[in-house]
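Enquirer: So that you have it, the file is entry_1.txt, and it contains compact mmCIF, C-alpha atoms:
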# COMPACT_ATOMS: atom_id res chain seq x y z
CA MET L 158 0.00 0.00 0.00
CA LYS L 159 2.59 2.54 -1.06
CA PRO L 160 2.01 5.03 -3.87
CA GLY L 161 4.02 4.64 -7.05
CA ARG L 162 6.68 7.20 -7.93
CA PHE L 163 5.56 10.62 -9.01
CA GLU L 164 7.05 14.02 -9.53
CA TYR L 165 5.82 16.50 -6.92
CA LEU L 166 5.19 20.14 -7.63
CA ARG L 167 4.04 22.61 -4.99
CA ALA L 168 2.17 25.23 -7.02
CA ALA L 169 2.52 28.83 -5.85
CA GLY L 170 -0.49 30.04 -7.84
CA VAL L 171 -3.43 28.84 -9.91
CA ALA L 172 -1.69 29.75 -13.18
CA GLU L 173 1.31 27.66 -12.20
CA ALA L 174 -0.96 24.72 -11.31
CA VAL L 175 -2.71 24.92 -14.70
CA ARG L 176 0.66 25.15 -16.48
CA ALA L 177 1.92 22.11 -14.59
CA LEU L 178 -1.17 20.11 -15.59
CA VAL L 179 -0.72 21.11 -19.24
CA GLU L 180 2.96 20.18 -19.14
CA ALA L 181 2.07 16.82 -17.59
CA GLY L 182 0.00 16.24 -20.72
CA GLY L 183 -2.91 14.45 -19.10
CA ASP L 184 -0.72 12.55 -16.66
CA GLY L 185 -0.97 15.10 -13.86
CA LYS L 186 -3.25 15.11 -10.83
CA LEU L 187 -4.19 17.93 -8.47
CA LEU L 188 -3.65 17.24 -4.78
CA ALA L 189 -6.15 19.12 -2.61
CA GLY L 190 -6.96 17.65 0.82
CA GLY L 191 -5.84 14.23 -0.35
CA GLN L 192 -8.50 12.31 1.56
CA SER L 193 -9.70 10.55 -1.59
CA LEU L 194 -6.70 10.91 -3.89
CA VAL L 195 -4.04 9.55 -1.52
CA PRO L 196 -5.91 6.24 -0.92
CA LEU L 197 -6.27 5.91 -4.71
CA LEU L 198 -2.54 6.52 -5.08
CA SER L 199 -1.72 4.09 -2.29
CA MET L 200 -3.84 1.38 -3.85
CA ARG L 201 -2.28 2.34 -7.19
CA LEU L 202 -5.69 2.75 -8.74
CA SER L 203 -4.32 6.11 -9.83
CA ARG L 204 -0.71 6.46 -11.00
CA PRO L 205 -0.13 10.02 -12.19
CA ALA L 206 3.37 11.02 -13.31
CA VAL L 207 3.00 14.44 -11.69
CA VAL L 208 1.16 15.44 -8.52
CA VAL L 209 0.44 19.15 -8.33
CA ASP L 210 -0.08 20.23 -4.73
CA ILE L 211 -2.42 23.24 -4.48
CA ASN L 212 -2.45 23.38 -0.67
CA ARG L 213 -0.11 26.35 -0.47
CA ILE L 214 -1.76 28.59 -3.05
CA PRO L 215 -2.76 31.76 -1.21
CA ASP L 216 -6.39 32.85 -1.62
CA LEU L 217 -7.72 29.42 -2.61
CA ALA L 218 -8.94 28.84 0.94
CA GLY L 219 -11.34 31.15 2.68
CA ILE L 220 -14.93 32.25 2.87
CA ASP L 221 -16.27 35.58 1.60
CA GLY L 222 -19.45 37.18 2.78
CA THR L 223 -18.84 36.49 6.46
CA ASP L 224 -18.48 40.14 7.46
CA GLY L 225 -21.57 40.08 9.63
CA THR L 226 -24.09 40.90 6.94
CA ALA L 227 -26.25 37.98 5.91
CA PRO L 228 -25.09 37.15 2.37
CA SER L 229 -27.50 35.67 -0.17
CA VAL L 230 -24.61 33.84 -1.81
CA LEU L 231 -21.52 32.62 -0.02
CA ARG L 232 -18.30 32.43 -2.03
CA VAL L 233 -16.12 29.65 -0.65
CA GLY L 234 -12.56 29.03 -1.82
CA ALA L 235 -11.99 25.55 -3.23
CA MET L 236 -9.31 24.73 -0.66
CA THR L 237 -11.51 25.59 2.31
CA ARG L 238 -11.38 22.61 4.69
CA HIS L 239 -14.50 20.79 5.85
CA ALA L 240 -13.63 21.83 9.42
CA ALA L 241 -13.90 25.49 8.38
CA LEU L 242 -17.24 24.80 6.69
CA VAL L 243 -18.52 23.36 9.96
CA GLU L 244 -17.37 26.41 11.89
CA GLN L 245 -18.74 29.18 9.63
CA ARG L 246 -22.13 30.62 10.55
CA SER L 247 -23.23 32.24 7.28
CA HIS L 248 -24.47 29.07 5.60
CA PRO L 249 -26.04 26.74 8.18
CA LEU L 250 -26.93 24.06 5.60
CA LEU L 251 -23.30 23.91 4.49
CA ALA L 252 -22.16 23.64 8.11
CA GLU L 253 -24.64 20.85 8.86
CA ALA L 254 -23.71 18.86 5.75
CA ALA L 255 -19.97 19.20 6.44
CA ARG L 256 -20.50 17.90 9.97
CA TRP L 257 -21.54 14.55 8.44
CA ILE L 258 -18.30 14.12 6.51
CA GLY L 259 -15.96 11.46 7.89
CA HIS L 260 -14.21 12.22 11.16
CA ALA L 261 -12.27 15.13 12.66
CA ALA L 262 -9.03 13.90 11.11
CA ILE L 263 -10.71 13.82 7.69
CA ARG L 264 -12.47 17.18 8.05
CA SER L 265 -9.20 18.86 9.01
CA ARG L 266 -7.73 18.05 5.58
CA GLY L 267 -10.60 17.44 3.13
CA THR L 268 -11.75 20.39 1.06
CA LEU L 269 -14.92 21.67 -0.62
CA GLY L 270 -13.26 21.81 -4.04
CA GLY L 271 -11.80 18.36 -3.61
CA SER L 272 -15.16 16.88 -2.70
CA LEU L 273 -16.87 18.44 -5.73
CA ALA L 274 -14.07 17.52 -8.14
CA HIS L 275 -13.91 13.96 -6.82
CA ALA L 276 -17.70 13.69 -7.30
CA ASP L 277 -18.52 10.70 -5.16
CA PRO L 278 -22.26 10.16 -5.75
CA ALA L 279 -22.90 9.57 -2.03
CA ALA L 280 -20.90 12.58 -0.78
CA GLU L 281 -22.56 15.39 1.13
CA LEU L 282 -21.18 18.53 -0.53
CA PRO L 283 -22.02 17.68 -4.16
CA ALA L 284 -25.65 17.18 -3.09
CA VAL L 285 -25.64 20.52 -1.26
CA ALA L 286 -24.18 22.20 -4.36
CA VAL L 287 -26.93 20.75 -6.55
CA ALA L 288 -29.70 21.45 -4.05
CA THR L 289 -28.73 25.11 -3.67
CA GLY L 290 -27.93 25.77 -7.34
CA ALA L 291 -24.25 26.48 -6.64
CA VAL L 292 -21.86 27.76 -9.28
CA ALA L 293 -18.26 26.56 -9.56
CA HIS L 294 -15.46 28.88 -10.69
CA VAL L 295 -12.89 27.15 -12.82
CA THR L 296 -9.58 28.28 -14.30
CA GLY L 297 -7.98 26.54 -17.25
CA PRO L 298 -5.46 27.23 -20.02
CA ASP L 299 -8.05 29.36 -21.85
CA GLY L 300 -8.97 31.47 -18.85
CA GLU L 301 -11.78 31.37 -16.34
CA ARG L 302 -15.30 30.02 -16.68
CA THR L 303 -18.18 29.06 -14.44
CA VAL L 304 -20.03 25.75 -14.27
CA ALA L 305 -23.46 25.44 -12.66
CA ALA L 306 -23.70 22.56 -10.19
CA ASP L 307 -26.62 21.13 -12.19
CA GLY L 308 -24.18 20.56 -15.07
CA LEU L 309 -21.06 19.76 -13.04
CA PHE L 310 -21.58 16.08 -12.32
CA ASP L 311 -21.46 13.65 -15.24
CA GLY L 312 -21.37 10.32 -13.40
CA PRO L 313 -19.65 8.55 -10.53
CA LEU L 314 -16.29 10.30 -10.03
CA MET L 315 -16.80 12.17 -13.32
CA THR L 316 -17.33 15.89 -13.76
CA ALA L 317 -17.52 18.51 -16.48
CA LEU L 318 -14.11 19.80 -15.38
CA GLN L 319 -11.60 19.52 -18.20
CA GLU L 320 -8.25 17.82 -17.83
CA TYR L 321 -6.24 21.01 -17.28
CA GLU L 322 -8.75 22.96 -15.24
CA VAL L 323 -8.53 23.95 -11.58
CA LEU L 324 -11.67 24.47 -9.50
CA THR L 325 -10.93 27.67 -7.59
CA ALA L 326 -14.11 28.69 -5.75
CA VAL L 327 -17.79 27.88 -5.36
CA ASP L 328 -20.70 30.29 -5.04
CA LEU L 329 -23.28 28.74 -2.74
CA PRO L 330 -26.68 30.44 -2.51
CA VAL L 331 -27.81 30.62 1.13
CA PRO L 332 -31.27 29.03 1.36
CA SER L 333 -33.97 30.79 3.35
CA ARG L 334 -35.15 27.39 4.61
CA TRP L 335 -33.35 24.06 4.40
CA GLY L 336 -33.22 20.53 5.67
CA PHE L 337 -30.58 17.82 5.61
CA ALA L 338 -30.96 14.13 6.44
CA GLU L 339 -28.60 11.23 5.96
CA LEU L 340 -28.49 7.53 6.68
CA ALA L 341 -25.13 5.74 6.91
CA ARG L 342 -24.25 2.35 8.36
CA ARG L 343 -21.69 3.85 10.73
CA HIS L 344 -21.02 7.38 11.88
CA GLY L 345 -18.65 9.02 9.39
CA ASP L 346 -19.24 6.59 6.54
CA PHE L 347 -20.37 7.69 3.13
CA ALA L 348 -24.16 7.87 3.04
CA LEU L 349 -26.38 5.04 1.93
CA VAL L 350 -28.75 7.83 0.98
CA LEU L 351 -28.82 11.52 1.87
CA ALA L 352 -31.43 14.16 1.13
CA VAL L 353 -31.11 17.93 0.93
CA VAL L 354 -34.04 20.30 0.60
CA ALA L 355 -33.41 24.02 0.11
CA GLU L 356 -35.60 27.03 -0.53
CA VAL L 357 -33.68 29.42 -2.78
CA ASP L 358 -35.30 32.57 -4.18
CA GLY L 359 -38.70 31.34 -3.05
CA ARG L 360 -38.45 27.98 -4.86
CA TRP L 361 -37.79 24.63 -3.25
CA ARG L 362 -35.11 22.36 -4.66
CA ILE L 363 -34.49 18.76 -3.63
CA ALA L 364 -31.32 16.77 -4.25
CA VAL L 365 -30.54 13.25 -3.07
CA GLY L 366 -27.23 11.43 -2.99
CA GLY L 367 -26.46 7.72 -3.09
CA VAL L 368 -29.29 6.73 -5.43
CA ALA L 369 -27.67 7.43 -8.81
CA GLY L 370 -24.29 8.11 -10.36
CA THR L 371 -24.56 11.77 -9.46
CA PRO L 372 -26.57 13.81 -6.96
CA GLN L 373 -30.10 13.69 -8.34
CA ARG L 374 -32.59 16.57 -8.50
CA LEU L 375 -36.14 15.35 -7.90
CA ALA L 376 -38.27 17.28 -10.39
CA CYS L 377 -41.63 15.69 -9.52
CA ALA L 378 -41.21 16.03 -5.78
CA GLU L 379 -40.02 19.62 -6.26
CA ALA L 380 -43.07 20.44 -8.40
CA LEU L 381 -45.36 19.06 -5.69
CA LEU L 382 -43.53 21.00 -3.00
CA ASN L 383 -43.63 24.25 -4.97
CA GLY L 384 -47.31 23.78 -5.81
CA ASP L 385 -50.22 24.20 -3.45
CA GLY L 386 -51.48 21.78 -0.89
CA ALA L 387 -49.11 18.80 -1.07
CA THR L 388 -48.33 17.34 2.33
CA PRO L 389 -44.75 16.42 3.28
CA ALA L 390 -45.81 12.77 3.17
CA GLU L 391 -46.96 13.15 -0.45
CA VAL L 392 -43.71 14.89 -1.41
CA ALA L 393 -41.73 12.12 0.30
CA GLU L 394 -43.72 9.46 -1.53
CA ALA L 395 -43.11 11.22 -4.85
CA ALA L 396 -39.39 11.31 -4.02
CA ALA L 397 -39.29 7.57 -3.35
CA THR L 398 -41.12 6.87 -6.61
CA GLU L 399 -38.83 9.14 -8.59
CA VAL L 400 -35.48 7.52 -7.77
CA ARG L 401 -34.15 4.36 -9.43
CA PRO L 402 -31.29 3.28 -7.18
CA GLY L 403 -29.27 0.16 -7.79
CA SER L 404 -28.61 -2.71 -5.39
CA ASP L 405 -25.20 -3.38 -3.91
CA VAL L 406 -23.67 -5.08 -0.87
CA HIS L 407 -24.69 -2.14 1.32
CA ALA L 408 -28.40 -2.04 0.52
CA PRO L 409 -30.91 -3.40 -1.97
CA ALA L 410 -32.57 -0.99 -4.37
CA ARG L 411 -35.99 -1.16 -2.68
CA TYR L 412 -34.49 -0.27 0.68
CA ARG L 413 -32.66 2.71 -0.80
CA GLN L 414 -35.88 3.79 -2.45
CA ALA L 415 -37.83 3.52 0.80
CA ILE L 416 -35.30 5.49 2.82
CA THR L 417 -35.14 8.16 0.10
CA GLY L 418 -38.77 8.91 0.92
CA GLU L 419 -38.14 8.81 4.64
CA LEU L 420 -35.06 11.05 4.43
CA VAL L 421 -36.88 13.60 2.27
CA ARG L 422 -39.64 13.58 4.89
CA ARG L 423 -37.09 14.17 7.67
CA ALA L 424 -35.33 16.90 5.69
CA LEU L 425 -38.67 18.66 5.15
CA ALA L 426 -39.50 18.40 8.84
CA ARG L 427 -36.11 19.87 9.63
CA ALA L 428 -36.69 22.65 7.05
CA ASP L 429 -39.79 23.82 8.87
CA ALA L 430 -37.77 24.09 12.06
CA GLU L 431 -34.88 25.87 10.39
CA VAL L 432 -36.44 29.16 9.35
CA MET L 433 -33.53 31.52 9.27
CA SER L 434 -33.66 35.13 10.40
CA MET Q 241 13.32 16.26 -1.34
CA LYS Q 242 14.52 17.84 1.87
CA VAL Q 243 11.71 18.57 4.31
CA GLY Q 244 12.01 20.50 7.53
CA MET Q 245 9.41 20.14 10.26
CA THR Q 246 9.07 20.31 14.00
CA VAL Q 247 8.27 16.97 15.61
CA ASN Q 248 7.30 16.94 19.26
CA GLY Q 249 9.00 20.30 19.66
CA VAL Q 250 12.26 19.29 18.03
CA GLY Q 251 13.38 20.64 14.64
CA GLU Q 252 13.90 17.74 12.22
CA GLN Q 253 14.95 17.40 8.63
CA VAL Q 254 14.32 14.40 6.41
CA ASP Q 255 15.28 13.68 2.83
CA VAL Q 256 12.44 11.75 1.25
CA GLU Q 257 10.82 10.82 -2.03
CA PRO Q 258 7.63 12.81 -2.62
CA ARG Q 259 5.62 9.59 -2.35
CA ARG Q 260 6.76 9.05 1.25
CA THR Q 261 3.74 9.50 3.50
CA LEU Q 262 4.11 11.49 6.69
CA ALA Q 263 3.44 8.27 8.62
CA ASP Q 264 6.30 6.46 6.89
CA ALA Q 265 8.63 9.44 7.32
CA LEU Q 266 7.90 9.49 11.06
CA ARG Q 267 8.43 5.75 11.40
CA GLU Q 268 11.21 5.02 8.91
CA ASP Q 269 13.17 8.26 8.72
CA LEU Q 270 12.73 9.57 12.25
CA ALA Q 271 12.41 6.19 14.01
CA LEU Q 272 9.24 7.35 15.78
CA THR Q 273 7.47 4.02 15.56
CA GLY Q 274 4.76 4.94 18.06
CA THR Q 275 2.64 6.08 15.12
CA HIS Q 276 1.15 2.87 13.76
CA LEU Q 277 -0.04 2.00 10.27
CA GLY Q 278 -3.07 -0.23 10.01
CA CYS Q 279 -5.02 0.14 6.79
CA GLU Q 280 -2.81 2.73 5.04
CA HIS Q 281 -5.80 4.25 3.31
CA GLY Q 282 -7.41 6.48 5.87
CA VAL Q 283 -9.98 4.15 7.41
CA CYS Q 284 -8.55 2.81 10.67
CA GLY Q 285 -7.18 5.94 12.33
CA ALA Q 286 -4.14 4.20 13.84
CA CYS Q 287 -1.76 6.71 12.26
CA THR Q 288 -3.55 9.81 13.60
CA VAL Q 289 -1.12 12.57 14.61
CA LEU Q 290 -1.56 16.30 15.18
CA VAL Q 291 -0.29 18.66 12.47
CA ASP Q 292 -0.35 22.31 13.52
CA GLY Q 293 -2.78 21.28 16.25
CA GLN Q 294 -5.22 19.50 13.95
CA PRO Q 295 -5.70 15.73 13.87
CA VAL Q 296 -4.70 14.19 10.54
CA ARG Q 297 -4.33 10.73 9.10
CA ALA Q 298 -0.56 10.58 8.64
CA CYS Q 299 -1.06 7.96 5.89
CA LEU Q 300 -3.11 10.46 3.83
CA MET Q 301 -0.54 13.24 3.84
CA PHE Q 302 2.84 13.23 2.16
CA ALA Q 303 5.86 14.16 4.25
CA VAL Q 304 6.73 16.91 1.73
CA GLN Q 305 3.40 18.54 2.60
CA ALA Q 306 4.50 18.90 6.23
CA GLU Q 307 7.28 21.34 5.29
CA GLY Q 308 7.37 23.94 8.06
CA ALA Q 309 4.62 22.25 10.07
CA SER Q 310 4.57 21.31 13.73
CA VAL Q 311 3.80 17.62 14.21
CA VAL Q 312 2.90 15.97 17.51
CA THR Q 313 3.01 12.18 17.77
CA VAL Q 314 2.26 9.83 20.64
CA GLU Q 315 5.93 10.11 21.64
CA GLY Q 316 5.23 13.74 22.47
CA LEU Q 317 2.63 12.93 25.13
CA ALA Q 318 4.69 11.71 28.08
CA GLY Q 319 6.95 14.09 30.01
CA VAL Q 320 10.71 14.11 29.38
CA ASP Q 321 11.16 12.10 32.57
CA GLY Q 322 8.77 9.45 31.28
CA THR Q 323 5.80 10.57 33.34
CA LEU Q 324 2.71 9.42 31.48
CA HIS Q 325 0.27 11.98 30.13
CA PRO Q 326 -3.02 11.86 32.07
CA LEU Q 327 -4.70 10.36 28.99
CA GLN Q 328 -2.10 7.59 28.82
CA ARG Q 329 -2.51 6.91 32.53
CA ALA Q 330 -6.27 6.78 32.17
CA PHE Q 331 -5.99 4.29 29.28
CA SER Q 332 -3.84 2.11 31.51
CA GLU Q 333 -6.13 2.39 34.54
CA HIS Q 334 -9.35 1.79 32.63
CA HIS Q 335 -8.16 -1.09 30.45
CA GLY Q 336 -8.30 1.14 27.38
CA LEU Q 337 -5.88 -1.09 25.52
CA GLN Q 338 -5.08 -4.71 25.03
CA CYS Q 339 -2.76 -5.25 22.06
CA GLY Q 340 -2.05 -1.52 21.84
CA PHE Q 341 -2.05 -1.27 18.07
CA CYS Q 342 -4.79 1.36 17.86
CA THR Q 343 -3.76 3.13 21.06
CA SER Q 344 -1.52 5.86 19.68
CA GLY Q 345 -4.20 6.92 17.21
CA MET Q 346 -6.86 6.76 19.92
CA LEU Q 347 -4.72 8.92 22.21
CA MET Q 348 -4.06 11.58 19.58
CA SER Q 349 -7.74 11.75 18.56
CA ALA Q 350 -8.74 11.95 22.22
CA LEU Q 351 -6.13 14.63 22.88
CA HIS Q 352 -7.59 16.80 20.14
CA LEU Q 353 -11.11 16.20 21.40
CA LEU Q 354 -10.25 17.22 24.96
CA ARG Q 355 -8.39 20.30 23.75
CA THR Q 356 -11.38 21.49 21.75
CA GLU Q 357 -14.09 20.19 24.10
CA PRO Q 358 -12.70 19.91 27.63
CA ASN Q 359 -15.86 18.33 28.95
CA PRO Q 360 -17.34 16.02 26.30
CA GLY Q 361 -20.08 13.64 27.32
CA ARG Q 362 -19.79 9.93 26.79
CA GLU Q 363 -21.78 10.19 23.55
CA ARG Q 364 -19.45 12.81 22.12
CA VAL Q 365 -16.42 10.67 22.97
CA ARG Q 366 -18.03 7.71 21.18
CA GLU Q 367 -18.80 9.88 18.18
CA GLU Q 368 -15.34 11.36 17.91
CA LEU Q 369 -13.53 8.07 18.38
CA ALA Q 370 -15.68 6.39 15.72
CA GLY Q 371 -12.88 7.28 13.31
CA ASN Q 372 -10.45 5.03 15.18
CA LEU Q 373 -10.90 1.29 14.89
CA CYS Q 374 -10.02 -1.14 17.68
CA ARG Q 375 -10.18 -4.88 17.11
CA CYS Q 376 -9.64 -6.21 20.61
CA THR Q 377 -10.36 -4.02 23.64
CA GLY Q 378 -13.94 -3.40 22.67
CA TYR Q 379 -14.16 0.37 22.98
CA ALA Q 380 -15.91 0.51 26.39
CA GLY Q 381 -12.64 0.79 28.31
CA ILE Q 382 -11.32 3.33 25.82
CA ILE Q 383 -14.35 5.54 26.30
CA ASP Q 384 -14.13 5.13 30.08
CA ALA Q 385 -10.52 6.26 29.90
CA VAL Q 386 -11.20 9.38 27.86
CA VAL Q 387 -14.12 10.36 30.08
CA ALA Q 388 -11.95 9.84 33.19
CA ALA Q 389 -9.08 11.84 31.71
CA ALA Q 390 -11.47 14.65 30.82
CA ALA Q 391 -12.70 14.77 34.40
CA GLU Q 392 -9.17 14.78 35.77
CA LEU Q 393 -7.83 17.37 33.38
CA GLY Q 394 -10.65 19.84 33.59
CA THR Q 395 -9.44 22.80 31.63
CA THR Q 396 -5.69 22.30 32.01
CA LEU Q 397 -5.44 20.48 28.69
CA ARG Q 398 -6.03 23.59 26.70
CA GLU Q 399 -2.40 24.59 27.02
CA PRO Q 400 -0.55 23.91 23.73
What is this file in structure tokens?

Expert:
Amino acid sequence: MKPGRFEYLRAAGVAEAVRALVEAGGDGKLLAGGQSLVPLLSMRLSRPAVVVDINRIPDLAGIDGTDGTAPSVLRVGAMTRHAALVEQRSHPLLAEAARWIGHAAIRSRGTLGGSLAHADPAAELPAVAVATGAVAHVTGPDGERTVAADGLFDGPLMTALQEYEVLTAVDLPVPSRWGFAELARRHGDFALVLAVVAEVDGRWRIAVGGVAGTPQRLACAEALLNGDGATPAEVAEAAATEVRPGSDVHAPARYRQAITGELVRRALARADAEVMS
Amino acid sequence: MKVGMTVNGVGEQVDVEPRRTLADALREDLALTGTHLGCEHGVCGACTVLVDGQPVRACLMFAVQAEGASVVTVEGLAGVDGTLHPLQRAFSEHHGLQCGFCTSGMLMSALHLLRTEPNPGRERVREELAGNLCRCTGYAGIIDAVVAAAAELGTTLREP
């Protein structure tokens, strides 16, 4: 369980990181918090020739919009650690979701950008990004661009990020009401299923993780929730009907489907209690 | 690559390949074998050390990334005269270890917990130590030990 040889480059800036990726010609890998990449390197499932460490790039970590005013959108640097997400007070949904990630020794290293770029379908932060309509800021050889969270995730561990691009920051709308619910076998494990509900600009959005290759928006359940008169139980039932999870050693499809409904119900109950000032 | 770091208060320099994990550098290059390696992919918590005061899995960080950092390992817990740290003593008194393989990671996770939450309840201790796997003692003694150490230490643990 030792990583193969690689060349190590500690990038001083985003431009240098992009240049290093280009020079590596597709055989380079960005090292953020390392909580997913280093196991892959150790198991030699990933064997990049060049590892570009972006941990020491100034300005990649940090949270804007925490000056006391209540921001409607929080800009969070890609290298912001999960522990810092837990501690910030401007985006309570983000703090709650980050609290569910791994353990203290994982949250002290793992990063928001790393979690989104890694794109585990059962991870907390990708689902929060989708549920809130987040926007990712990306820098590549041709300059900067933005990618909406709805179009960021292509499949398990696959994103719309191009080979030479660096995710630099994420704009996360702060929902006026929100709920988060997760079921995992053990505390700190990846979720079997997790559900996020968020009211942004007066519209409810629902995203669930662990039921598909990417975080999944639930259009039917959202339509019910945004319409008149649907009860939380009806929304939850629609959610369970809408997902088509697979079976694996952790849970059969029907169980995942059933708990999707239950977790959406719990997230909605939580949302009612979490009316923010 | 040459890497300079402070380990248990002492300035150290190692010359390592970039692929050398911090855990291996501590064990192989600095002969600090108190940090154990169980799974080597971030699951078991045996290699937990403090880096700049934060708990990290030393198998998920490369030594070159610790350049300039302050690392505390289990060897840094006891006094220079060998006096056990109150947490170590509590583990001994409450049967918090049997084979001892997970103990250094348990101690470092518990140290961080008690520094950030001097008075955690039993449930919080269970929650926080869920990231450290033990295969023999059975956890109950470990939790007893941390709770006892917390009671003994009160607020004195918050010193660096």

Enquirer: To one decimal in Å, tell me the separation between CA of Ile220 (chain L) and CA of Val327 (chain L).

Expert: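 Between CA of Ile220 (chain L) and CA of Val327 (chain L) the gap is 9.7 Å.
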
Enquirer: Take every atom of region 397-405 of chain L listed in the file, fit an axis-aligned box around them, add 3 Å per side, and give the centre and edge lengths in Å to one decimal as JSON.

Expert:
{"center_x": -33.2, "center_y": 2.9, "center_z": -6.4, "size_x": 21.9, "size_y": 18.5, "size_z": 12.1}

Enquirer: Have a look at CA of Cys376 (chain Q) and CA of Val195 (chain L) and let me know their distance in Å, one decimal.

Expert: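 For CA of Cys376 (chain Q) relative to CA of Val195 (chain L), the distance reads 27.7 Å.
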
Enquirer: For chain L, list the residues within 9 Å of chain Q, counting only C-alpha atoms, and write the list as a ChimeraX atom specification.

Expert: /L:158-165,167,190-197,199-200,210,212,259-266,343-345

Enquirer: State, in Å with one decimal place, the distance from CA of Ala276 (chain L) to CA of Phe310 (chain L).

Expert: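 CA of Phe310 (chain L) lies at a distance of 6.8 Å from CA of Ala276 (chain L).
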
Enquirer: Given only C-alpha atoms as the basis, pick out the residue of L:Thr289, L:Thr268, L:Gln319, L:Ser229 nearest to Leu242 (chain L).

Expert: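 Selected residue with least distance to Leu242 (chain L): L:Thr268.
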
Enquirer: Given the choices L:Ala355, L:Val233, L:Val304, L:Ala181, which gets closest to Leu329 (chain L) if the distance is worked out from only C-alpha atoms?

Expert: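 Under the stated criterion, the closest residue is L:Val233.
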
Enquirer: Given all atoms listed in the file as the basis, pick out the residue of L:Ile258, L:Gly370, L:Ala279, L:Arg427 nearest to Asp311 (chain L).

Expert: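 Of all the options, L:Gly370 lies closest to Asp311 (chain L).
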
Enquirer: Which residues, written as a list of chain:residue names, have at least one atom at most 12 Å from Pro389 (chain L), with only C-alpha atoms counted and residues fewer than 6 positions away on the same chain left out?

Expert: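 Contacts, with the query itself left out: L:Val354, L:Ala378, L:Glu379, L:Leu381, L:Leu382, L:Asn383, L:Ala395, L:Ala396, L:Gly418, L:Glu419, L:Leu420, L:Val421, L:Arg422, L:Arg423, L:Ala424, L:Leu425, L:Ala426, L:Arg427, L:Ala428, L:Asp429.
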
Enquirer: Which protein, DNA or RNA residues are at most 6 Å from (-9.0, 0.8, 23.4) in the file's coordinates when you count only C-alpha atoms, listed as a ChimeraX atom specification?

Expert: /Q:336-337,377,379,382

Enquirer: Need to verify the contact set: Glu315 (chain Q), 8 Å, all atoms listed in the file, exclusion of same-chain residues closer than 2 positions in sequence. Can you return it as a list in words?

Expert: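 In the requested format, the answer is Asn248, Leu272, Gly274, Val312, Thr313, Leu317 and Ala318 of chain Q.
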
Enquirer: Could you list, as a ChimeraX atom specification, every residue within 10 Å of Lys186 (chain L), counting all atoms listed in the file and ignoring same-chain residues fewer than 6 positions away?

Expert: /L:165,174,177-178,194,203-210,320-321

Enquirer: Arg213 (chain L): which residues within 7 Å, counting all atoms listed in the file, same-chain residues fewer than 2 positions away excluded, as number ranges by chain?

Expert: L: 169, 211, 215

Enquirer: What's around His325 (chain Q) at 10 Å? Count all atoms listed in the file, leave out sequence neighbours fewer than 3 positions away in its own chain, and write the answer as a compact mmCIF listing (two decimals) with C-alpha atoms, keeping the file's coordinate frame.

Expert:
# COMPACT_ATOMS: atom_id res chain seq x y z
CA VAL Q 314 2.26 9.83 20.64
CA GLY Q 316 5.23 13.74 22.47
CA LEU Q 317 2.63 12.93 25.13
CA ALA Q 318 4.69 11.71 28.08
CA GLY Q 319 6.95 14.09 30.01
CA GLY Q 322 8.77 9.45 31.28
CA GLN Q 328 -2.10 7.59 28.82
CA ARG Q 329 -2.51 6.91 32.53
CA ALA Q 330 -6.27 6.78 32.17
CA PHE Q 331 -5.99 4.29 29.28
CA LEU Q 347 -4.72 8.92 22.21
CA ALA Q 389 -9.08 11.84 31.71

Enquirer: The residues within 8 Å of (-31.9, 17.2, -4.3), using only C-alpha atoms and the coordinates of the file, should be reported as a PyMOL selection string; which are they?

Expert: chain L and resi 284-285+287-288+352-354+362-366+372-375
